[in-house]
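Student: Structure file final.csv (CSV, C-alpha atoms) is given on the next line.
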chain,number,residue,atom,x,y,z
A,1,MET,CA,158.6,138.2,71.7
A,2,ALA,CA,156.3,136.3,74.0
A,3,LYS,CA,155.8,132.8,73.2
A,4,LYS,CA,152.4,132.2,71.8
A,5,MET,CA,150.2,129.9,73.8
A,6,LYS,CA,149.0,127.0,71.8
A,7,LYS,CA,145.4,127.4,71.2
A,8,SER,CA,143.8,124.1,72.1
A,9,SER,CA,140.4,123.1,71.0
A,10,THR,CA,137.6,123.8,73.5
A,11,ARG,CA,135.2,121.3,72.0
A,12,ILE,CA,134.4,118.2,73.9
A,13,ASP,CA,132.8,115.1,72.7
A,14,MET,CA,129.3,115.3,73.9
A,15,THR,CA,128.1,111.8,72.7
A,16,ALA,CA,128.6,110.0,76.0
A,17,MET,CA,127.1,112.8,78.0
A,18,CYS,CA,124.1,112.8,75.7
A,19,ASP,CA,123.7,109.1,76.2
A,20,VAL,CA,123.8,109.4,79.9
A,21,SER,CA,121.4,112.2,80.1
A,22,PHE,CA,118.8,110.6,77.9
A,23,LEU,CA,119.1,107.4,79.9
A,24,LEU,CA,118.3,109.4,83.0
A,25,LEU,CA,115.6,111.2,81.2
A,26,THR,CA,114.0,108.0,80.2
A,27,PHE,CA,114.2,106.7,83.7
A,28,PHE,CA,112.5,109.7,85.2
A,29,VAL,CA,109.8,109.8,82.6
A,30,LEU,CA,108.9,106.1,83.2
A,31,THR,CA,109.0,106.2,86.9
A,32,SER,CA,107.4,109.5,87.5
A,33,THR,CA,103.9,110.0,88.8
A,34,ALA,CA,103.3,113.7,88.5
A,35,LYS,CA,102.8,115.6,91.7
A,36,VAL,CA,99.2,116.7,91.7
A,37,PRO,CA,98.5,120.0,93.4
A,38,GLU,CA,96.1,119.7,96.3
A,39,VAL,CA,93.7,122.4,97.3
A,40,HIS,CA,95.1,122.4,100.8
A,41,PRO,CA,98.4,120.7,101.4
A,42,VAL,CA,98.8,119.5,104.9
A,43,ASP,CA,101.9,119.1,107.0
A,44,LEU,CA,102.1,115.4,107.9
A,45,PRO,CA,103.4,114.0,111.2
A,46,ASP,CA,106.2,111.5,110.9
A,47,SER,CA,106.3,107.8,111.8
A,48,THR,CA,108.6,104.9,111.4
A,49,LYS,CA,106.0,102.6,109.8
A,50,GLU,CA,106.4,102.2,106.1
A,51,THR,CA,103.1,100.6,104.9
A,52,LYS,CA,102.6,101.9,101.4
A,53,ILE,CA,99.3,103.4,100.5
A,54,PRO,CA,97.3,101.6,97.9
A,55,SER,CA,96.7,103.8,94.8
A,56,ASP,CA,93.3,102.4,93.7
A,57,ASP,CA,89.9,102.5,95.3
A,58,ILE,CA,91.0,104.9,97.9
A,59,VAL,CA,89.6,108.2,99.2
A,60,THR,CA,91.7,110.7,101.1
A,61,ILE,CA,90.4,112.8,103.8
A,62,SER,CA,92.6,115.8,104.6
A,63,VAL,CA,92.0,117.5,107.9
A,64,ASP,CA,93.4,120.9,108.8
A,65,ASN,CA,92.1,123.7,111.0
A,66,GLU,CA,88.9,121.8,111.5
A,67,LYS,CA,88.3,121.8,107.8
A,68,ILE,CA,88.0,118.7,105.7
A,69,TYR,CA,89.1,118.2,102.1
A,70,PHE,CA,88.0,115.1,100.2
A,71,GLY,CA,89.9,113.5,97.5
A,72,ILE,CA,89.1,110.5,95.3
A,73,ALA,CA,91.5,108.5,93.2
A,74,GLY,CA,90.7,107.7,89.6
A,75,ARG,CA,88.8,109.8,87.1
A,76,GLN,CA,86.0,107.3,86.5
A,77,ASP,CA,85.5,106.9,90.2
A,78,LYS,CA,85.3,110.6,90.7
A,79,LYS,CA,82.6,110.9,88.0
A,80,ASP,CA,80.6,108.0,89.3
A,81,ILE,CA,80.7,109.2,92.9
A,82,LEU,CA,79.7,112.7,91.9
A,83,THR,CA,76.8,111.4,89.9
A,84,ARG,CA,75.7,109.4,92.9
A,85,MET,CA,76.1,112.4,95.2
A,86,GLY,CA,74.1,114.5,92.7
A,87,GLU,CA,71.2,112.1,92.9
A,88,GLU,CA,71.3,112.2,96.7
A,89,TYR,CA,71.2,116.0,96.8
A,90,ASN,CA,69.0,116.5,93.8
A,91,ILE,CA,71.7,118.2,91.7
A,92,SER,CA,72.3,117.0,88.2
A,93,PHE,CA,75.7,117.5,86.7
A,94,THR,CA,76.4,117.7,83.0
A,95,GLU,CA,79.1,115.7,81.3
A,96,GLU,CA,81.3,118.7,81.0
A,97,GLU,CA,81.0,119.4,84.7
A,98,LEU,CA,81.8,115.7,85.5
A,99,ASN,CA,84.9,115.9,83.4
A,100,LYS,CA,86.0,119.1,85.1
A,101,PHE,CA,85.4,117.5,88.4
A,102,ALA,CA,87.4,114.5,87.4
A,103,GLY,CA,90.4,116.7,86.9
A,104,MET,CA,90.4,118.0,90.5
A,105,GLU,CA,92.6,116.2,93.0
A,106,ASN,CA,90.5,117.1,96.0
A,107,PHE,CA,88.0,119.7,97.1
A,108,GLY,CA,86.6,121.2,100.2
A,109,LEU,CA,83.2,122.8,99.8
A,110,ASP,CA,79.5,122.3,100.2
A,111,ILE,CA,78.1,120.2,97.4
A,112,ARG,CA,75.4,122.8,96.8
A,113,ASN,CA,78.2,125.2,95.8
A,114,LEU,CA,80.0,122.7,93.6
A,115,LYS,CA,78.0,123.6,90.5
A,116,GLN,CA,79.0,127.3,90.8
A,117,LEU,CA,82.6,126.2,91.2
A,118,LEU,CA,82.5,123.9,88.2
A,119,ALA,CA,81.2,126.8,86.1
A,120,LYS,CA,84.5,128.6,86.6
A,121,PRO,CA,87.5,128.2,84.2
A,122,SER,CA,89.7,125.2,84.9
A,123,SER,CA,92.6,127.3,86.2
A,124,GLU,CA,90.4,128.6,89.0
A,125,LEU,CA,89.2,125.2,90.2
A,126,MET,CA,92.1,124.4,92.5
A,127,ASN,CA,92.4,127.9,93.9
A,128,PRO,CA,92.1,127.6,97.7
A,129,GLU,CA,89.9,130.7,97.8
A,130,ASN,CA,87.3,128.7,96.0
A,131,HIS,CA,87.3,126.1,98.8
A,132,PRO,CA,86.7,128.3,101.8
A,133,THR,CA,84.6,126.1,104.0
A,134,GLY,CA,85.7,122.5,103.7
A,135,ILE,CA,83.3,119.6,103.5
A,136,PRO,CA,80.5,120.1,106.1
A,137,PHE,CA,80.7,117.4,108.7
A,138,LYS,CA,79.8,118.9,112.1
A,139,ASP,CA,76.0,119.1,111.5
A,140,SER,CA,74.4,115.7,111.8
A,141,LEU,CA,71.5,116.7,109.5
A,142,ASN,CA,73.9,117.8,106.8
A,143,ASN,CA,76.8,115.5,107.1
A,144,GLN,CA,78.2,115.6,103.6
A,145,LEU,CA,81.4,113.8,104.6
A,146,SER,CA,79.4,110.8,105.6
A,147,SER,CA,77.5,111.0,102.3
A,148,TRP,CA,80.7,111.2,100.2
A,149,VAL,CA,82.2,108.2,101.9
A,150,LYS,CA,78.9,106.2,101.7
A,151,ASN,CA,78.6,106.9,98.0
A,152,ALA,CA,82.2,106.2,97.4
A,153,ARG,CA,81.9,102.8,99.1
A,154,GLU,CA,78.8,102.0,97.2
A,155,SER,CA,80.4,103.0,93.9
A,156,SER,CA,83.5,100.9,94.4
A,157,TRP,CA,81.6,97.9,95.5
A,158,GLN,CA,78.9,98.0,92.8
A,159,ARG,CA,81.2,98.8,90.0
A,160,LYS,CA,84.3,96.8,90.8
A,161,GLU,CA,83.4,94.7,93.8
A,162,SER,CA,86.4,96.1,95.6
A,163,ILE,CA,86.3,97.4,99.1
A,164,LEU,CA,87.0,101.1,99.4
A,165,LYS,CA,90.0,102.2,101.5
A,166,VAL,CA,90.1,105.4,103.5
A,167,ALA,CA,93.2,107.4,104.1
A,168,ILE,CA,93.4,110.1,106.6
A,169,LYS,CA,95.8,113.0,106.2
A,170,GLY,CA,95.9,115.0,109.4
A,171,ASP,CA,97.9,118.1,110.0
A,172,LYS,CA,100.6,117.9,112.6
A,173,GLU,CA,99.0,120.5,114.7
A,174,GLU,CA,95.4,119.3,114.3
A,175,SER,CA,93.7,118.6,117.6
A,176,PHE,CA,92.9,114.9,118.1
A,177,GLY,CA,89.3,115.9,118.8
A,178,THR,CA,88.7,116.7,115.1
A,179,ILE,CA,90.3,113.5,113.9
A,180,LYS,CA,88.2,111.6,116.4
A,181,GLU,CA,85.1,113.2,115.0
A,182,VAL,CA,86.0,112.1,111.5
A,183,ILE,CA,86.8,108.6,112.7
A,184,ASP,CA,83.5,108.4,114.5
A,185,ILE,CA,81.6,109.5,111.4
A,186,LEU,CA,83.2,106.7,109.5
A,187,GLN,CA,82.7,104.2,112.2
A,188,LYS,CA,79.0,104.8,112.1
A,189,GLN,CA,79.1,103.3,108.6
A,190,ARG,CA,81.2,100.5,110.0
A,191,GLN,CA,84.3,101.7,108.2
A,192,ASN,CA,86.7,100.6,110.8
A,193,GLN,CA,90.0,100.5,109.0
A,194,PHE,CA,92.1,103.5,108.1
A,195,TYR,CA,95.4,104.4,106.6
A,196,LEU,CA,96.9,107.3,108.5
A,197,VAL,CA,99.2,109.0,106.1
A,198,THR,CA,102.6,110.0,107.6
A,199,GLY,CA,106.0,111.1,106.5
A,200,LEU,CA,109.2,109.3,107.2
A,201,ARG,CA,111.0,109.8,110.5
A,202,ASP,CA,114.7,109.8,111.2
A,203,ASP,CA,116.2,106.5,112.2
A,204,ASP,CA,117.4,107.8,115.6
A,205,PHE,CA,114.0,108.5,116.9
B,1,MET,CA,135.1,117.2,66.2
B,2,ALA,CA,131.4,117.3,67.0
B,3,GLU,CA,130.4,119.7,64.3
B,4,LEU,CA,128.6,119.4,61.1
B,5,ASN,CA,131.1,120.0,58.4
B,6,THR,CA,129.9,120.1,54.9
B,7,GLY,CA,133.4,120.5,53.8
B,8,SER,CA,132.6,122.6,50.7
B,9,ASN,CA,136.0,124.4,50.7
B,10,GLU,CA,137.7,121.3,49.6
B,11,GLY,CA,136.0,121.3,46.3
B,12,GLY,CA,139.1,122.2,44.3
B,13,LYS,CA,138.9,123.4,40.8
B,14,GLY,CA,139.2,121.0,38.1
B,15,LYS,CA,139.6,118.1,40.4
B,16,LYS,CA,137.8,114.9,39.7
B,17,VAL,CA,134.6,114.9,41.6
B,18,ARG,CA,134.9,112.2,44.2
B,19,SER,CA,132.3,111.3,46.7
B,20,LYS,CA,133.6,113.3,49.6
B,21,LYS,CA,134.0,111.7,53.0
B,22,GLN,CA,131.6,113.7,55.2
B,23,ASN,CA,132.3,114.5,58.7
B,24,THR,CA,129.4,112.8,60.5
B,25,GLY,CA,129.9,114.4,63.9
B,26,VAL,CA,126.9,116.4,65.0
B,27,ASP,CA,127.0,119.2,67.5
B,28,LEU,CA,125.3,117.6,70.5
B,29,THR,CA,125.5,120.6,72.9
B,30,ALA,CA,121.9,121.7,72.3
B,31,MET,CA,120.6,118.2,72.6
B,32,VAL,CA,122.4,117.7,75.9
B,33,ASP,CA,121.0,121.0,77.1
B,34,LEU,CA,117.5,120.0,76.3
B,35,ALA,CA,117.9,116.6,77.9
B,36,PHE,CA,119.2,118.0,81.1
B,37,LEU,CA,116.4,120.6,81.1
B,38,LEU,CA,113.9,117.8,80.9
B,39,ILE,CA,115.6,115.7,83.5
B,40,THR,CA,115.5,118.6,85.9
B,41,PHE,CA,111.8,119.1,85.2
B,42,PHE,CA,110.9,115.5,85.8
B,43,MET,CA,113.1,115.3,88.9
B,44,LEU,CA,111.3,118.2,90.4
B,45,THR,CA,107.8,117.3,89.5
B,46,THR,CA,108.1,113.6,90.5
B,47,SER,CA,107.3,112.3,93.9
B,48,LEU,CA,109.5,109.3,93.9
B,49,ALA,CA,108.8,108.4,97.5
B,50,LYS,CA,105.2,107.6,97.9
B,51,PRO,CA,103.9,108.8,101.2
B,52,GLN,CA,103.7,106.0,103.7
B,53,SER,CA,101.0,105.2,106.0
B,54,MET,CA,100.1,103.5,109.2
B,55,LYS,CA,97.2,101.1,109.2
B,56,LEU,CA,94.8,101.6,112.0
B,57,THR,CA,91.9,99.3,112.7
B,58,MET,CA,89.4,100.4,115.2
B,59,PRO,CA,87.1,98.0,117.0
B,60,ASP,CA,83.6,97.8,115.6
B,61,LYS,CA,81.2,100.1,117.4
B,62,GLN,CA,78.3,97.7,117.0
B,63,ASP,CA,76.8,96.4,120.2
B,64,VAL,CA,78.3,93.1,121.1
B,65,PRO,CA,77.1,91.1,124.0
B,66,ASP,CA,79.3,91.4,127.0
B,67,GLU,CA,80.5,87.8,127.0
B,68,MET,CA,81.7,88.3,123.4
B,69,ARG,CA,83.9,91.2,124.3
B,70,GLN,CA,87.5,90.7,124.8
B,71,GLN,CA,88.4,91.1,128.5
B,72,ALA,CA,91.5,93.0,129.4
B,73,PRO,CA,92.9,91.8,132.7
B,74,GLU,CA,93.9,94.7,134.9
B,75,SER,CA,97.2,93.2,135.8
B,76,ARG,CA,98.5,93.6,132.3
B,77,THR,CA,96.7,96.6,131.1
B,78,MET,CA,98.4,99.9,130.8
B,79,THR,CA,96.5,103.1,130.0
B,80,VAL,CA,98.3,105.9,128.3
B,81,LEU,CA,96.7,109.3,128.5
B,82,LEU,CA,97.5,112.0,126.1
B,83,GLY,CA,96.8,115.7,126.8
B,84,LYS,CA,97.5,119.2,125.6
B,85,ASP,CA,101.0,120.6,125.4
B,86,ASN,CA,102.5,117.2,124.8
B,87,MET,CA,101.5,116.0,128.3
B,88,ILE,CA,101.5,112.2,128.6
B,89,LYS,CA,100.7,110.1,131.6
B,90,TYR,CA,100.2,106.4,132.2
B,91,TYR,CA,98.9,104.1,134.9
B,92,MET,CA,98.5,100.4,135.3
B,93,GLY,CA,95.3,98.5,135.8
B,94,LEU,CA,92.2,100.4,136.9
B,95,LEU,CA,92.3,104.1,137.6
B,96,GLU,CA,90.5,103.8,141.0
B,97,GLU,CA,92.8,101.1,142.2
B,98,SER,CA,96.1,102.2,140.9
B,99,GLU,CA,98.4,104.9,142.0
B,100,GLU,CA,98.2,108.4,140.6
B,101,PRO,CA,99.0,108.4,136.8
B,102,THR,CA,102.7,109.1,136.3
B,103,ASN,CA,104.0,111.8,134.1
B,104,THR,CA,106.4,110.8,131.3
B,105,THR,CA,107.6,112.1,128.0
B,106,TYR,CA,107.4,111.0,124.4
B,107,GLY,CA,110.2,109.2,122.6
B,108,LYS,CA,112.9,106.8,123.5
B,109,ASP,CA,113.7,108.0,126.9
B,110,GLY,CA,110.2,108.3,128.1
B,111,ILE,CA,107.2,106.1,127.3
B,112,ARG,CA,109.2,103.6,125.3
B,113,GLN,CA,111.4,102.6,128.3
B,114,ILE,CA,108.3,102.2,130.4
B,115,ILE,CA,106.5,100.1,127.9
B,116,LEU,CA,109.5,97.9,127.3
B,117,GLN,CA,110.0,97.5,131.0
B,118,LYS,CA,106.4,96.5,131.7
B,119,LYS,CA,106.6,94.1,128.7
B,120,ALA,CA,109.7,92.5,130.0
B,121,GLU,CA,108.1,92.1,133.4
B,122,LEU,CA,105.2,90.2,131.9
B,123,GLU,CA,107.5,88.2,129.7
B,124,ALA,CA,109.3,87.1,132.8
B,125,GLN,CA,106.0,85.6,133.9
B,126,GLY,CA,105.7,83.8,130.6
B,127,LYS,CA,103.1,86.2,129.2
B,128,VAL,CA,104.0,87.1,125.6
B,129,ASP,CA,102.4,88.4,122.5
B,130,ASN,CA,98.6,88.3,122.8
B,131,GLU,CA,98.9,87.2,126.3
B,132,GLY,CA,101.2,90.0,127.1
B,133,LEU,CA,100.9,93.7,127.7
B,134,ILE,CA,97.7,95.5,126.6
B,135,VAL,CA,97.9,99.2,126.0
B,136,LEU,CA,94.9,101.4,126.0
B,137,ILE,CA,95.4,104.8,124.4
B,138,LYS,CA,93.1,107.6,125.4
B,139,ALA,CA,93.5,111.1,124.2
B,140,THR,CA,91.8,114.3,125.2
B,141,ASP,CA,90.5,116.6,122.5
B,142,ASP,CA,93.4,119.0,123.1
B,143,ALA,CA,96.0,116.4,122.2
B,144,THR,CA,97.4,116.9,118.7
B,145,TYR,CA,97.4,114.4,115.9
B,146,THR,CA,101.1,114.2,116.1
B,147,ASN,CA,100.8,113.0,119.7
B,148,MET,CA,98.5,110.2,118.5
B,149,ILE,CA,100.8,109.2,115.7
B,150,ASP,CA,103.8,109.2,118.0
B,151,ILE,CA,102.2,106.9,120.5
B,152,LEU,CA,100.9,104.6,117.7
B,153,ASP,CA,104.5,104.6,116.4
B,154,GLU,CA,105.7,103.6,119.9
B,155,MET,CA,103.4,100.6,119.7
B,156,ALA,CA,105.0,99.6,116.5
B,157,ILE,CA,108.5,100.1,117.8
B,158,THR,CA,108.0,98.3,121.0
B,159,ASP,CA,106.0,95.6,119.3
B,160,VAL,CA,103.0,95.6,121.6
B,161,LYS,CA,100.6,93.2,120.1
B,162,VAL,CA,97.4,94.4,121.7
B,163,TYR,CA,96.5,98.0,121.8
B,164,ALA,CA,93.4,100.1,121.3
B,165,ILE,CA,92.3,103.7,121.1
B,166,ASN,CA,89.5,104.2,123.6
B,167,ASP,CA,87.3,107.1,124.5
B,168,ILE,CA,88.6,109.0,127.4
B,169,THR,CA,86.4,109.1,130.6
B,170,GLU,CA,85.5,112.3,132.4
B,171,GLN,CA,87.6,111.3,135.4
B,172,GLU,CA,90.6,110.9,133.2
B,173,THR,CA,89.9,114.2,131.4
B,174,GLU,CA,90.1,115.9,134.8
B,175,ILE,CA,93.5,114.4,135.5
B,176,MET,CA,94.8,115.7,132.2
B,177,GLN,CA,93.8,119.3,132.9
Go ahead and express the file in the form of structure tokens.

Tutor:
Amino acid sequence: MAKKMKKSSTRIDMTAMCDVSFLLLTFFVLTSTAKVPEVHPVDLPDSTKETKIPSDDIVTISVDNEKIYFGIAGRQDKKDILTRMGEEYNISFTEEELNKFAGMENFGLDIRNLKQLLAKPSSELMNPENHPTGIPFKDSLNNQLSSWVKNARESSWQRKESILKVAIKGDKEESFGTIKEVIDILQKQRQNQFYLVTGLRDDDF
Amino acid sequence: MAELNTGSNEGGKGKKVRSKKQNTGVDLTAMVDLAFLLITFFMLTTSLAKPQSMKLTMPDKQDVPDEMRQQAPESRTMTVLLGKDNMIKYYMGLLEESEEPTNTTYGKDGIRQIILQKKAELEAQGKVDNEGLIVLIKATDDATYTNMIDILDEMAITDVKVYAINDITEQETEIMQ
């Protein structure tokens, strides 16, 4: 008769594992800042510089395929800036529209089409198809990029007395001509300092 | 171990009812499962590393009287031209007076060596930091954004104190064709 294998218990004490996993969980919950989806993510060039980007009072200008997407940090800032833009372009936004706008990370369309977009359900707001044109900036009579930056600067100065910072996120393949145009538009307002957002490069570069 | 045992089978008949010693071990498997699920979720949605940036300060465009402008002596001015298809050229001093702009490449074997060499030459003459090499960066519209970041990065790596992005002249655009 074959010798019977001793059946050993397959149960393991999970207490320690549970402790560790919850410790890690707590760590991640506390350190995380959720990745917010952008309308149009850009492929950033790399650099060795490691200046951190400030997280407050900053607007982000993403440039890809000669299209511009504009992002504002902070819900209150977004609302205030949109209200100011509305006054400039004679569009009045309701409280509900402002709230919806505050939930958007960035956007790329003519402000005159923004009201139609904000009428759509929240799930549709960040759909790239709803941002087909980018912010108009080529036409000097309808330079909305310039208006957005101007209003954002006024807003942050008048409300918080802090100076607005401008970050530029350019795509790797973007031609320098477009970036130059953007920089020129900002320099006309004497906004001379920029944060160029980059990725991290290997050490052996 | 690790199970909730109510131990009802021990309640023998007729025995004196004693307060039973309960097994306090709880099956933690489900809890661990849940915890790891959440960890995975947070790990994937978190961007731990904030993107970094490069601070770029452009000279003010406002008209400044000529005597207020910073003069860039030709002898220590190097102009780097960036063009399409990763073309990069450089020349020293004024375009009219210097030799043909020389071709080079991006990265540590190309432009970096040249900048370091010119910097060392000036340092040998006792010209360091703000008195040292001045680099003017000029890019055509065909140059990519990556090219510009690369060259700004070189400035940081080689520690050139004075550099500026300038508008390219027509003559220089022709050279870069």

Student: Using only C-alpha atoms, which residues of chain A come within 9 Å of chain B, and what is the closest atom pair for each, with the distance in Å to one decimal? Give it as CSV, sorted by chain and residue number.

Tutor:
residue,atom,partner,partner_atom,distance
A:Arg11,CA,B:Met1,CA,7.1
A:Ile12,CA,B:Ala2,CA,7.6
A:Asp13,CA,B:Ala2,CA,6.3
A:Met14,CA,B:Leu28,CA,5.7
A:Thr15,CA,B:Leu28,CA,6.8
A:Met17,CA,B:Val32,CA,7.1
A:Cys18,CA,B:Val32,CA,5.2
A:Asp19,CA,B:Val32,CA,8.7
A:Ser21,CA,B:Ala35,CA,6.0
A:Phe22,CA,B:Ala35,CA,6.1
A:Leu24,CA,B:Ile39,CA,6.9
A:Leu25,CA,B:Ile39,CA,5.1
A:Thr26,CA,B:Ile39,CA,8.5
A:Phe28,CA,B:Phe42,CA,6.0
A:Val29,CA,B:Phe42,CA,6.6
A:Thr31,CA,B:Leu48,CA,7.7
A:Ser32,CA,B:Thr46,CA,5.1
A:Thr33,CA,B:Thr46,CA,5.8
A:Ala34,CA,B:Thr46,CA,5.2
A:Lys35,CA,B:Thr45,CA,5.7
A:Val36,CA,B:Thr45,CA,8.9
A:Leu44,CA,B:Thr146,CA,8.3
A:Pro45,CA,B:Thr146,CA,5.4
A:Asp46,CA,B:Ile149,CA,7.6
A:Ser47,CA,B:Asp153,CA,5.9
A:Thr48,CA,B:Asp153,CA,6.5
A:Lys49,CA,B:Met54,CA,6.0
A:Glu50,CA,B:Gln52,CA,5.2
A:Thr51,CA,B:Ser53,CA,5.2
A:Lys52,CA,B:Gln52,CA,4.8
A:Ile53,CA,B:Gln52,CA,6.0
A:Ala167,CA,B:Ser53,CA,8.3
A:Gly170,CA,B:Tyr145,CA,6.7
A:Asp171,CA,B:Tyr145,CA,7.0
A:Lys172,CA,B:Thr146,CA,5.1
A:Glu173,CA,B:Thr144,CA,5.6
A:Glu174,CA,B:Thr144,CA,5.4
A:Ser175,CA,B:Thr144,CA,4.2
A:Phe176,CA,B:Thr144,CA,5.0
A:Gly177,CA,B:Asp141,CA,4.0
A:Thr178,CA,B:Asp141,CA,7.6
A:Ile179,CA,B:Tyr145,CA,7.4
A:Lys180,CA,B:Asp141,CA,8.2
A:Ile183,CA,B:Met58,CA,9.0
A:Gln187,CA,B:Lys61,CA,6.8
A:Lys188,CA,B:Lys61,CA,7.4
A:Arg190,CA,B:Asp60,CA,6.7
A:Gln191,CA,B:Asp60,CA,8.4
A:Asn192,CA,B:Met58,CA,5.2
A:Gln193,CA,B:Thr57,CA,4.3
A:Phe194,CA,B:Leu56,CA,5.1
A:Tyr195,CA,B:Lys55,CA,4.6
A:Leu196,CA,B:Met54,CA,5.0
A:Val197,CA,B:Ser53,CA,4.2
A:Thr198,CA,B:Ser53,CA,5.3
A:Gly199,CA,B:Pro51,CA,6.1
A:Leu200,CA,B:Gln52,CA,7.3
A:Phe205,CA,B:Gly107,CA,6.9

Student: In the coordinates of the file, take the point (97.4, 99.5, 134.5) and a cut-off of 8 Å; then, counting only C-alpha atoms, name each qualifying protein, DNA or RNA residue as a PyMOL selection string.

Tutor: chain B and resi 74-79+90-95+98

Student: Could you please determine the separation between CA of Phe101 (chain A) and CA of Val166 (chain A) in Å, to one decimal place?

Tutor: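 Interatomic distance, CA of Phe101 (chain A) to CA of Val166 (chain A): 19.9 Å.
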
Student: Please indicate the distance in Å from CA of Leu133 (chain B) to CA of Glu174 (chain B), rounded to one decimal place.

Tutor: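 These atoms are spaced 25.7 Å apart.
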
Student: Can I get the residues of region 99-172 of chain A within 12 Å of region 56-71 of chain A, each with the closest pair of atoms and their distance in Å to one decimal, using only C-alpha atoms, sorted chain first then ascending number, as CSV?

Tutor:
residue,atom,partner,partner_atom,distance
A:Phe101,CA,A:Gly71,CA,10.9
A:Ala102,CA,A:Gly71,CA,10.5
A:Gly103,CA,A:Gly71,CA,11.1
A:Met104,CA,A:Gly71,CA,8.3
A:Glu105,CA,A:Gly71,CA,5.9
A:Asn106,CA,A:Gly71,CA,3.9
A:Phe107,CA,A:Tyr69,CA,5.3
A:Gly108,CA,A:Tyr69,CA,4.3
A:Leu109,CA,A:Tyr69,CA,7.8
A:Asp110,CA,A:Tyr69,CA,10.6
A:Ile111,CA,A:Phe70,CA,11.5
A:Met126,CA,A:Tyr69,CA,11.8
A:Pro128,CA,A:Tyr69,CA,10.8
A:His131,CA,A:Tyr69,CA,8.7
A:Pro132,CA,A:Lys67,CA,9.0
A:Thr133,CA,A:Lys67,CA,6.8
A:Gly134,CA,A:Ile68,CA,4.9
A:Ile135,CA,A:Ile68,CA,5.3
A:Pro136,CA,A:Ile68,CA,7.6
A:Phe137,CA,A:Ile68,CA,8.0
A:Lys138,CA,A:Glu66,CA,9.6
A:Asn143,CA,A:Ile68,CA,11.7
A:Gln144,CA,A:Phe70,CA,10.4
A:Leu145,CA,A:Phe70,CA,8.0
A:Ser146,CA,A:Phe70,CA,11.0
A:Ser147,CA,A:Phe70,CA,11.5
A:Trp148,CA,A:Phe70,CA,8.3
A:Val149,CA,A:Val59,CA,7.9
A:Lys150,CA,A:Val59,CA,11.2
A:Asn151,CA,A:Val59,CA,11.1
A:Ala152,CA,A:Val59,CA,7.9
A:Arg153,CA,A:Asp57,CA,8.9
A:Glu154,CA,A:Asp57,CA,11.3
A:Ser155,CA,A:Asp57,CA,9.6
A:Ser156,CA,A:Asp57,CA,6.7
A:Trp157,CA,A:Asp57,CA,9.5
A:Arg159,CA,A:Asp57,CA,10.8
A:Lys160,CA,A:Asp57,CA,9.2
A:Glu161,CA,A:Asp57,CA,10.3
A:Ser162,CA,A:Asp57,CA,7.3
A:Ile163,CA,A:Asp57,CA,7.3
A:Leu164,CA,A:Asp57,CA,5.2
A:Lys165,CA,A:Ile58,CA,4.6
A:Val166,CA,A:Val59,CA,5.2
A:Ala167,CA,A:Thr60,CA,4.7
A:Ile168,CA,A:Ile61,CA,4.9
A:Lys169,CA,A:Ser62,CA,4.5
A:Gly170,CA,A:Val63,CA,4.9
A:Asp171,CA,A:Asp64,CA,5.4
A:Lys172,CA,A:Asp64,CA,8.7

Student: Show which residues sit within 12 Å of Asn130 (chain A), as a PyMOL selection string. Count only C-alpha atoms, and ignore same-chain residues fewer than 6 positions away.

Tutor: chain A and resi 39-40+107-110+113-124

Student: What is the distance between CA of Asp109 (chain B) and CA of Met176 (chain B), in Å to one decimal?

Tutor: 21.1 Å
